[in-house]
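To be precise, the following lines are start-v3.cif, and they hold mmCIF, C-alpha atoms; chains and numbers go by the auth columns.
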data_work
#
loop_
_atom_site.group_PDB
_atom_site.id
_atom_site.type_symbol
_atom_site.label_atom_id
_atom_site.label_comp_id
_atom_site.label_asym_id
_atom_site.label_seq_id
_atom_site.Cartn_x
_atom_site.Cartn_y
_atom_site.Cartn_z
_atom_site.B_iso_or_equiv
_atom_site.auth_seq_id
_atom_site.auth_asym_id
ATOM 1 C CA MET A 1 48.278 65.221 -41.903 0.00 27 J
ATOM 2 C CA ILE A 2 47.355 62.688 -44.592 0.00 28 J
ATOM 3 C CA THR A 3 46.134 64.143 -47.863 0.00 29 J
ATOM 4 C CA ILE A 4 43.829 62.039 -50.041 0.00 30 J
ATOM 5 C CA GLY A 5 44.239 62.209 -53.817 0.00 31 J
ATOM 6 C CA LYS A 6 47.504 64.199 -53.855 0.00 32 J
ATOM 7 C CA ILE A 7 51.044 63.029 -54.511 0.00 33 J
ATOM 8 C CA GLY A 8 53.547 63.374 -51.702 0.00 34 J
ATOM 9 C CA ARG A 9 57.289 62.823 -51.417 0.00 35 J
ATOM 10 C CA ILE A 10 58.395 60.570 -48.568 0.00 36 J
ATOM 11 C CA ILE A 11 61.039 62.367 -46.494 0.00 37 J
ATOM 12 C CA ARG A 12 61.159 59.842 -43.628 0.00 38 J
ATOM 13 C CA GLY A 13 60.388 56.152 -43.573 0.00 39 J
ATOM 14 C CA SER A 14 61.419 52.953 -45.296 0.00 40 J
ATOM 15 C CA GLU A 15 60.725 54.314 -48.791 0.00 41 J
ATOM 16 C CA LYS A 16 62.460 57.674 -48.270 0.00 42 J
ATOM 17 C CA GLY A 17 62.802 59.546 -51.576 0.00 43 J
ATOM 18 C CA TRP A 18 59.859 57.722 -53.163 0.00 44 J
ATOM 19 C CA TYR A 19 56.404 59.171 -53.828 0.00 45 J
ATOM 20 C CA VAL A 20 53.092 58.160 -52.299 0.00 46 J
ATOM 21 C CA LYS A 21 49.449 58.742 -53.169 0.00 47 J
ATOM 22 C CA VAL A 22 46.412 57.725 -51.114 0.00 48 J
ATOM 23 C CA GLU A 23 43.158 57.039 -52.947 0.00 49 J
ATOM 24 C CA PRO A 24 39.788 55.889 -51.604 0.00 50 J
ATOM 25 C CA ASP A 25 38.706 52.368 -52.519 0.00 51 J
ATOM 26 C CA MET A 26 35.483 52.950 -54.442 0.00 52 J
ATOM 27 C CA SER A 27 34.359 49.335 -54.064 0.00 53 J
ATOM 28 C CA GLU A 28 32.124 48.148 -51.264 0.00 54 J
ATOM 29 C CA ALA A 29 35.189 47.643 -49.060 0.00 55 J
ATOM 30 C CA LYS A 30 35.432 51.454 -48.569 0.00 56 J
ATOM 31 C CA GLY A 31 39.078 51.391 -47.508 0.00 57 J
ATOM 32 C CA PHE A 32 42.079 53.249 -48.897 0.00 58 J
ATOM 33 C CA TYR A 33 44.799 52.308 -51.351 0.00 59 J
ATOM 34 C CA ILE A 34 48.334 53.551 -50.650 0.00 60 J
ATOM 35 C CA PHE A 35 50.333 53.694 -53.870 0.00 61 J
ATOM 36 C CA TYR A 36 54.133 54.005 -53.832 0.00 62 J
ATOM 37 C CA CYS A 37 56.391 54.796 -56.781 0.00 63 J
ATOM 38 C CA LYS A 38 59.994 55.845 -57.383 0.00 64 J
ATOM 39 C CA ASN A 39 58.748 58.348 -59.988 0.00 65 J
ATOM 40 C CA HIS A 40 56.566 61.390 -59.380 0.00 66 J
ATOM 41 C CA ASN A 41 54.398 60.536 -62.385 0.00 67 J
ATOM 42 C CA PHE A 42 53.742 56.985 -61.123 0.00 68 J
ATOM 43 C CA VAL A 43 54.995 55.161 -64.221 0.00 69 J
ATOM 44 C CA GLY A 44 57.664 52.509 -64.477 0.00 70 J
ATOM 45 C CA GLY A 45 58.313 48.799 -64.413 0.00 71 J
ATOM 46 C CA LEU A 46 57.281 46.305 -61.777 0.00 72 J
ATOM 47 C CA ASP A 47 60.242 47.169 -59.570 0.00 73 J
ATOM 48 C CA GLU A 48 59.339 50.871 -59.639 0.00 74 J
ATOM 49 C CA GLY A 49 56.378 50.752 -57.265 0.00 75 J
ATOM 50 C CA PHE A 50 53.897 48.847 -55.146 0.00 76 J
ATOM 51 C CA ASP A 51 50.666 49.399 -53.246 0.00 77 J
ATOM 52 C CA ASP A 52 49.035 48.595 -49.955 0.00 78 J
ATOM 53 C CA TRP A 53 45.473 48.770 -48.643 0.00 79 J
ATOM 54 C CA VAL A 54 43.781 49.590 -45.333 0.00 80 J
ATOM 55 C CA ASP A 55 40.122 49.212 -44.387 0.00 81 J
ATOM 56 C CA SER A 56 39.381 52.608 -42.773 0.00 82 J
ATOM 57 C CA PHE A 57 40.698 56.124 -42.256 0.00 83 J
ATOM 58 C CA GLU A 58 41.642 55.181 -38.696 0.00 84 J
ATOM 59 C CA SER A 59 43.683 52.261 -40.084 0.00 85 J
ATOM 60 C CA LEU A 60 45.292 54.652 -42.567 0.00 86 J
ATOM 61 C CA ILE A 61 46.459 56.921 -39.737 0.00 87 J
ATOM 62 C CA GLU A 62 47.819 53.904 -37.853 0.00 88 J
ATOM 63 C CA TYR A 63 49.566 52.633 -41.008 0.00 89 J
ATOM 64 C CA PHE A 64 51.407 55.949 -41.463 0.00 90 J
ATOM 65 C CA LYS A 65 52.439 55.893 -37.785 0.00 91 J
ATOM 66 C CA ASP A 66 53.605 52.267 -37.945 0.00 92 J
ATOM 67 C CA GLU A 67 55.631 52.912 -41.113 0.00 93 J
ATOM 68 C CA ASN A 68 57.083 56.090 -39.553 0.00 94 J
ATOM 69 C CA LEU A 69 56.141 57.990 -42.723 0.00 95 J
ATOM 70 C CA GLU A 70 56.700 61.702 -43.029 0.00 96 J
ATOM 71 C CA ILE A 71 55.375 63.172 -46.259 0.00 97 J
ATOM 72 C CA VAL A 72 55.638 66.523 -48.010 0.00 98 J
ATOM 73 C CA TRP A 73 52.391 66.764 -49.979 0.00 99 J
ATOM 74 C CA GLU A 74 51.945 68.686 -53.237 0.00 100 J
ATOM 75 C CA ASP A 75 49.756 71.216 -51.467 0.00 101 J
ATOM 76 C CA GLY A 76 52.647 72.043 -49.120 0.00 102 J
ATOM 77 C CA THR A 77 51.378 70.292 -45.979 0.00 103 J
#

Please go through the file and, once you have read it, give me the structure as structure tokens.
Amino acid sequence: MITIGKIGRIIRGSEKGWYVKVEPDMSEAKGFYIFYCKNHNFVGGLDEGFDDWVDSFESLIEYFKDENLEIVWEDGT
């Protein structure tokens, strides 16, 4: 299950041990940003994080499958 707007810890995938947060793109594109960071509070230098973007919720689901991401979200899911 992908949770929007919550921080999750990656427990499987290429960025294992990092944190991820998915936010809706509020522009006309209407996609989703996927933010990654080594730190739970999402602060740090340029080498401490990165982001990605997908154009729909269906693409977001596919992205998580393709990246083999398993997340433990803050809400426990």

*Within 12 Å of Glu41 in chain J, counting only C-alpha atoms, which residues show up once you throw out same-chain ones fewer than 4 positions away? Write them as a list in words, please.*
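Listed by chain and then number, they are Gly34, Arg35, Ile36, Ile37, Tyr45, Val46, Phe61, Tyr62, Cys63, Lys64, Glu74, Gly75, Phe76, Phe90, Glu93, Asn94, Leu95, Glu96 and Ile97 of chain J.
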
*Which of these residues is nearest to Asn67 in chain J, using all atoms listed in the file: J:Lys47, J:Leu86, J:Lys42, J:Asp81?*
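Comparing J:Lys47, J:Leu86, J:Lys42, J:Asp81 against Asn67 in chain J, the winner is J:Lys47.
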
Residue IDs satisfying the PyMOL selection byres ((chain J and resi 57) around 8), as a PDB file with C-alpha atoms, in the coordinates of the input:
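Output saved as part-v6.pdb:
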ATOM      1  CA  PRO J  50      39.788  55.889 -51.604  1.00  0.00           C
ATOM      2  CA  ASP J  51      38.706  52.368 -52.519  1.00  0.00           C
ATOM      3  CA  MET J  52      35.483  52.950 -54.442  1.00  0.00           C
ATOM      4  CA  ALA J  55      35.189  47.643 -49.060  1.00  0.00           C
ATOM      5  CA  LYS J  56      35.432  51.454 -48.569  1.00  0.00           C
ATOM      6  CA  PHE J  58      42.079  53.249 -48.897  1.00  0.00           C
ATOM      7  CA  TYR J  59      44.799  52.308 -51.351  1.00  0.00           C
ATOM      8  CA  TRP J  79      45.473  48.770 -48.643  1.00  0.00           C
ATOM      9  CA  VAL J  80      43.781  49.590 -45.333  1.00  0.00           C
ATOM     10  CA  ASP J  81      40.122  49.212 -44.387  1.00  0.00           C
ATOM     11  CA  SER J  82      39.381  52.608 -42.773  1.00  0.00           C
ATOM     12  CA  PHE J  83      40.698  56.124 -42.256  1.00  0.00           C
TER      13      PHE J  83
END

*CA of Val69 in chain J and CA of Asp92 in chain J, how far apart in Å?*
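For CA of Asp92 in chain J relative to CA of Val69 in chain J, the distance reads 26.5 Å.
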
Test item: residues at most 8 Å from Lys32 in chain J, only C-alpha atoms, excluding those fewer than 2 positions along its chain, as a compact mmCIF listing (two decimals) with C-alpha atoms, keeping the file's coordinate frame:
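Result went into around_22.txt, see below:
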# COMPACT_ATOMS: atom_id res chain seq x y z
CA THR J 29 46.13 64.14 -47.86
CA ILE J 30 43.83 62.04 -50.04
CA GLY J 34 53.55 63.37 -51.70
CA LYS J 47 49.45 58.74 -53.17
CA VAL J 48 46.41 57.72 -51.11
CA TRP J 99 52.39 66.76 -49.98
CA GLU J 100 51.94 68.69 -53.24
CA ASP J 101 49.76 71.22 -51.47

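Coordinates place CA of Gly70 in chain J at a distance of 27.5 Å from CA of Ile87 in chain J.
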
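For the atom pair formed by CA of Ser85 in chain J and CA of Asn65 in chain J, the distance is 25.7 Å, given to one decimal.
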